[in-house]
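Comments concern the structure below.
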Amino acid sequence: MGVNMGKFEKMLVAFLFCVFLPNIIQVNANFSKSMYLTWGVQHSSIVGEDLHLVLDKTSGSAARSKRSFLFGSIEMLIKMIPGNSAGIVTAYYLSSAGSHHDEIDFEFLGNSSGQPYTVNTNIYTQGKGNREQQFHLWFDPSADFHNYTIHWNPTEIVWYVDSIPIRVFRNYENEGIDYPNKQGMRVYTSLWNADNWATRGGLVKTDWSNAPFKVGFQHFRARACKWNGAVSISQCASNVKANWWKSSIYKQLSYGKIRQLNLVRKNFMIYDYCKDYKRFSGHIPHECFKTQS
């Protein structure tokens with residue numbers, strides 16, 4: 001899939017990468033040690049640092065982490081489906097279990113050849129979602145692997161693409177706004193057919209003549225607090241050296257990162273639930289009136 005960018009978009013990309021250099025911290029881990037296939041095992045695979053998910057007419061596929069986590073940084077490198085990926089969703093997210101689950105989402109909605117992928121982000125707290133924000137990427141995500149990171153601590157959640165923040169959800173629990181801080185969440189990936197809604201609201205269907213569809217994942221890193229039950233609620237949020245995500249530098253984005261965030265949201269955001277007055281009949285959720293950076 002090729003994405004044609006104008007002169008302004010190319011200059012913006014150069015600015016994002018050259019002015020603010022990425023700062024990614026890595027830990028030793030890999031897919032074979034940390035995740036396992038849960039669906040579509042007949043045509044998907046995990047080998048060392050590589051996970052390959054496949055979708056055909058018979059089945060999609062999925063994997064999840066062996067452990068749950070509460071706070072930290074979760075990252076993966078992902079290479080999307082090239083060409084016509086309309087109707088197909090690649091998901092990478094954190095989630096707890098049950099009807100009152102918490103969840104933090106990256107979803108990549110495929111599109112027709114030559115059109116950009118849509119990145120859908122969402123967050124669920126106590127089983128309630130409907131907080132979608134969507135973006136077009138400023139690069140072709142099927143040409144190479146790119147880094148997608150979820151940084152989650154007691155103060156805020158940040159969605160990063162190649163170390164560039166695209167969304168922030170801050171903790172305003174003391175003002176009656178739910179925040180995910182009491183449930184451990186596993187890491188999930190999946191590839192599935194969603195042509196009833198994924199592309200142009202379901203108007204564009206999956207072209208099965210291009211099957212099987214394949215997505216590659218590499219470099220899974222969970223630099224996070226391991227969930228060991230209710231005791232982890234206090235342990236993972238305590239002010240000890242091991243809980244690096246509690247450091248003051250992670251309580252809010254730096255000025256440089258806020259500038260990146262604002263540039264991406266100004267130039268690449270295509271949907272924001274906070275501005276969808278019709279959807280909420282004028283009753284916009286409370287967090288939309290709070291600072292989210």
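Following the order of the structure tokens, chains are lettered A, B, ..., residues in each are numbered from 1, and ligands are numbered from 1.
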Any idea what's packed within 6 Å of Ser190 (chain A), counting only C-alpha atoms, ignoring anything in its chain fewer than 3 positions away? Could you give it as a PDB file with N, CA and C atoms, in the first residue's frame?
ATOM      1  N   SER A  61      -6.619 -15.057  13.467  1.00  0.00           N
ATOM      2  CA  SER A  61      -5.681 -15.611  14.432  1.00  0.00           C
ATOM      3  C   SER A  61      -5.403 -14.590  15.523  1.00  0.00           C
ATOM      4  N   ALA A  62      -4.865 -15.085  16.645  1.00  0.00           N
ATOM      5  CA  ALA A  62      -4.644 -14.205  17.786  1.00  0.00           C
ATOM      6  C   ALA A  62      -3.613 -14.811  18.725  1.00  0.00           C
ATOM      7  N   THR A  90      -6.276  -5.255  12.382  1.00  0.00           N
ATOM      8  CA  THR A  90      -5.161  -5.761  13.170  1.00  0.00           C
ATOM      9  C   THR A  90      -5.228  -5.076  14.524  1.00  0.00           C
ATOM     10  N   ALA A  91      -5.338  -5.856  15.592  1.00  0.00           N
ATOM     11  CA  ALA A  91      -5.502  -5.286  16.930  1.00  0.00           C
ATOM     12  C   ALA A  91      -4.300  -5.610  17.802  1.00  0.00           C
TER      13      ALA A  91
END
Requested in this report: Using DSSP on the backbone coordinates, identify the residues of region 158-263 of chain A assigned to helix (DSSP H, G or I); present them as a VMD selection string.
Outcome: chain A and resid 173 to 175 200 to 202 208 to 210 231 to 235 244 to 246 248 to 250 255 to 263
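Residues in contact with region 246-256 of chain A at up to 7 Å, not including ones fewer than 2 positions away on its chain and judged by only C-alpha atoms, are Asn153, Thr155, Glu156, Asn239, Asn243, Trp244, Ile258, Arg259, Gln260 and Ser293 of chain A.
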Report task. Assign secondary structure with DSSP using the backbone only, and return the residues of region 76-269 of chain A in strand (DSSP E or B) as an MDAnalysis selection string. Result -> chainID A and resid 76:79 88:95 103:109 118:125 128 133:136 146:152 156:161 164:170 185:193 213:226 269
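Across A:Asn267, A:Ser73, A:Asn196, A:Gln235, the tightest approach to Tyr160 (chain A) is made by A:Ser73 when counting only C-alpha atoms.
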**Report entry** Using only C-alpha atoms: which of A:Gly229, A:Tyr93, A:Lys290, A:Lys275 has the shortest distance to Glu175 (chain A)
**Finding:** A:Lys290
Per residue of region 194-288 of chain A within 9 Å of region 81-84 of chain A, record the nearest atom pair and its distance in Å to one decimal, counting only C-alpha atoms, with rows in chain order and ascending residue number, as CSV.
residue,atom,partner,partner_atom,distance
A:Thr206,CA,A:Asn84,CA,8.4
A:Asp207,CA,A:Asn84,CA,7.6
A:Asn210,CA,A:Asn84,CA,7.7
A:Phe213,CA,A:Ile81,CA,6.5
A:Lys214,CA,A:Ile81,CA,5.9
A:Val215,CA,A:Ile81,CA,5.7
A:Gly216,CA,A:Ile81,CA,8.5
Atoms kept (N, CA, C and O atoms) for selection, written as a JSON list (two decimals), in the first residue's frame:
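And here's result.json as it stands now:
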[["chain", "number", "residue", "atom", "x", "y", "z"],
["A", 206, "THR", "N", -14.00, -7.09, 2.34],
["A", 206, "THR", "CA", -12.73, -7.78, 2.20],
["A", 206, "THR", "C", -12.66, -8.47, 0.85],
["A", 206, "THR", "O", -13.60, -9.17, 0.44],
["A", 207, "ASP", "N", -11.55, -8.31, 0.14],
["A", 207, "ASP", "CA", -11.31, -8.97, -1.14],
["A", 207, "ASP", "C", -10.54, -10.26, -0.87],
["A", 207, "ASP", "O", -9.33, -10.25, -0.72],
["A", 210, "ASN", "N", -7.17, -11.84, -2.37],
["A", 210, "ASN", "CA", -5.82, -11.50, -1.91],
["A", 210, "ASN", "C", -5.37, -12.33, -0.70],
["A", 210, "ASN", "O", -4.26, -12.16, -0.22],
["A", 213, "PHE", "N", -3.99, -13.19, 4.27],
["A", 213, "PHE", "CA", -3.44, -11.91, 4.71],
["A", 213, "PHE", "C", -2.52, -12.18, 5.91],
["A", 213, "PHE", "O", -2.87, -12.96, 6.80],
["A", 214, "LYS", "N", -1.38, -11.50, 5.92],
["A", 214, "LYS", "CA", -0.39, -11.77, 6.96],
["A", 214, "LYS", "C", 0.10, -10.47, 7.59],
["A", 214, "LYS", "O", 0.33, -9.49, 6.90],
["A", 215, "VAL", "N", 0.24, -10.51, 8.92],
["A", 215, "VAL", "CA", 0.81, -9.39, 9.68],
["A", 215, "VAL", "C", 1.97, -9.91, 10.50],
["A", 215, "VAL", "O", 1.87, -10.98, 11.13],
["A", 216, "GLY", "N", 3.09, -9.17, 10.49],
["A", 216, "GLY", "CA", 4.27, -9.57, 11.25],
["A", 216, "GLY", "C", 4.45, -8.73, 12.50],
["A", 216, "GLY", "O", 4.23, -7.51, 12.48]]
**Report entry** Contacts of Trp159 (chain A) within 12 Å, only C-alpha atoms, excl. fewer than 5 positions in-chain, as a ChimeraX atom specification
**Finding:** /A:73-75,92-94,104-107,119-123,133-135,147-152,164-170,253,257,261,264,293
Would you put the residues from that selection into a file with C-alpha atoms, as an mmCIF file, in the first residue's frame?
data_model
loop_
_atom_site.group_PDB
_atom_site.id
_atom_site.type_symbol
_atom_site.label_atom_id
_atom_site.label_comp_id
_atom_site.auth_asym_id
_atom_site.auth_seq_id
_atom_site.Cartn_x
_atom_site.Cartn_y
_atom_site.Cartn_z
ATOM 1 C CA SER A 73 5.545 0.219 29.084
ATOM 2 C CA ILE A 74 4.421 -2.304 26.457
ATOM 3 C CA GLU A 75 5.860 -2.125 22.949
ATOM 4 C CA TYR A 92 -2.849 -4.787 19.615
ATOM 5 C CA TYR A 93 -4.183 -4.007 23.059
ATOM 6 C CA LEU A 94 -4.142 -4.543 26.810
ATOM 7 C CA ILE A 104 -6.282 0.100 26.209
ATOM 8 C CA ASP A 105 -6.446 -0.294 22.409
ATOM 9 C CA PHE A 106 -4.486 0.135 19.229
ATOM 10 C CA GLU A 107 -6.562 -1.044 16.224
ATOM 11 C CA VAL A 119 -5.313 3.877 13.596
ATOM 12 C CA ASN A 120 -8.184 3.584 16.064
ATOM 13 C CA THR A 121 -7.361 4.140 19.740
ATOM 14 C CA ASN A 122 -9.780 3.484 22.571
ATOM 15 C CA ILE A 123 -9.882 2.996 26.325
ATOM 16 C CA GLN A 133 -9.795 8.742 18.643
ATOM 17 C CA GLN A 134 -8.611 7.942 15.121
ATOM 18 C CA PHE A 135 -5.585 8.967 13.077
ATOM 19 C CA ASN A 147 7.122 0.734 16.912
ATOM 20 C CA TYR A 148 3.778 0.990 18.711
ATOM 21 C CA THR A 149 4.013 1.558 22.467
ATOM 22 C CA ILE A 150 1.483 1.877 25.281
ATOM 23 C CA HIS A 151 2.900 3.670 28.322
ATOM 24 C CA TRP A 152 0.664 3.299 31.371
ATOM 25 C CA ILE A 164 5.873 10.053 18.953
ATOM 26 C CA PRO A 165 2.856 10.507 21.281
ATOM 27 C CA ILE A 166 -0.488 10.550 19.485
ATOM 28 C CA ARG A 167 -2.859 10.416 22.455
ATOM 29 C CA VAL A 168 -2.911 10.941 26.229
ATOM 30 C CA PHE A 169 -5.537 9.926 28.801
ATOM 31 C CA ARG A 170 -4.814 11.372 32.249
ATOM 32 C CA LEU A 253 4.910 14.708 28.779
ATOM 33 C CA LYS A 257 6.638 15.656 23.467
ATOM 34 C CA LEU A 261 1.441 15.434 20.259
ATOM 35 C CA VAL A 264 0.117 14.949 15.112
ATOM 36 C CA SER A 293 -1.323 16.077 27.623
#
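Of the residues under consideration (A:Trp138, A:Trp192, A:Phe31, A:Tyr273), A:Trp192 shows the shortest atom-to-atom contact distance to Leu109 (chain A) when counting only C-alpha atoms.
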Query - Residues near Ser59 (chain A), cut-off 9 Å, only C-alpha atoms, skip fewer than 2 positions along chain, as a ChimeraX atom specification - result: /A:39-40,43,54-57,61,192-193
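Here the question is which of A:Ile270, A:Val240, A:Val231, A:Leu70 gets nearest to Val187 (chain A) using only C-alpha atoms, and that residue is A:Leu70.
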Requested in this report: Please provide the set of residues having any atom within 10 Å of Ser234 (chain A), restricted to only C-alpha atoms, with same-chain residues fewer than 4 positions apart removed, written as a VMD selection string.
Outcome: chain A and resid 181 to 182 230 238 to 239
Query raised in the report: Which one is closest to Ile78 (chain A): A:Arg265, A:Lys33, A:His52, A:His146? Count only C-alpha atoms.
Result: A:His146
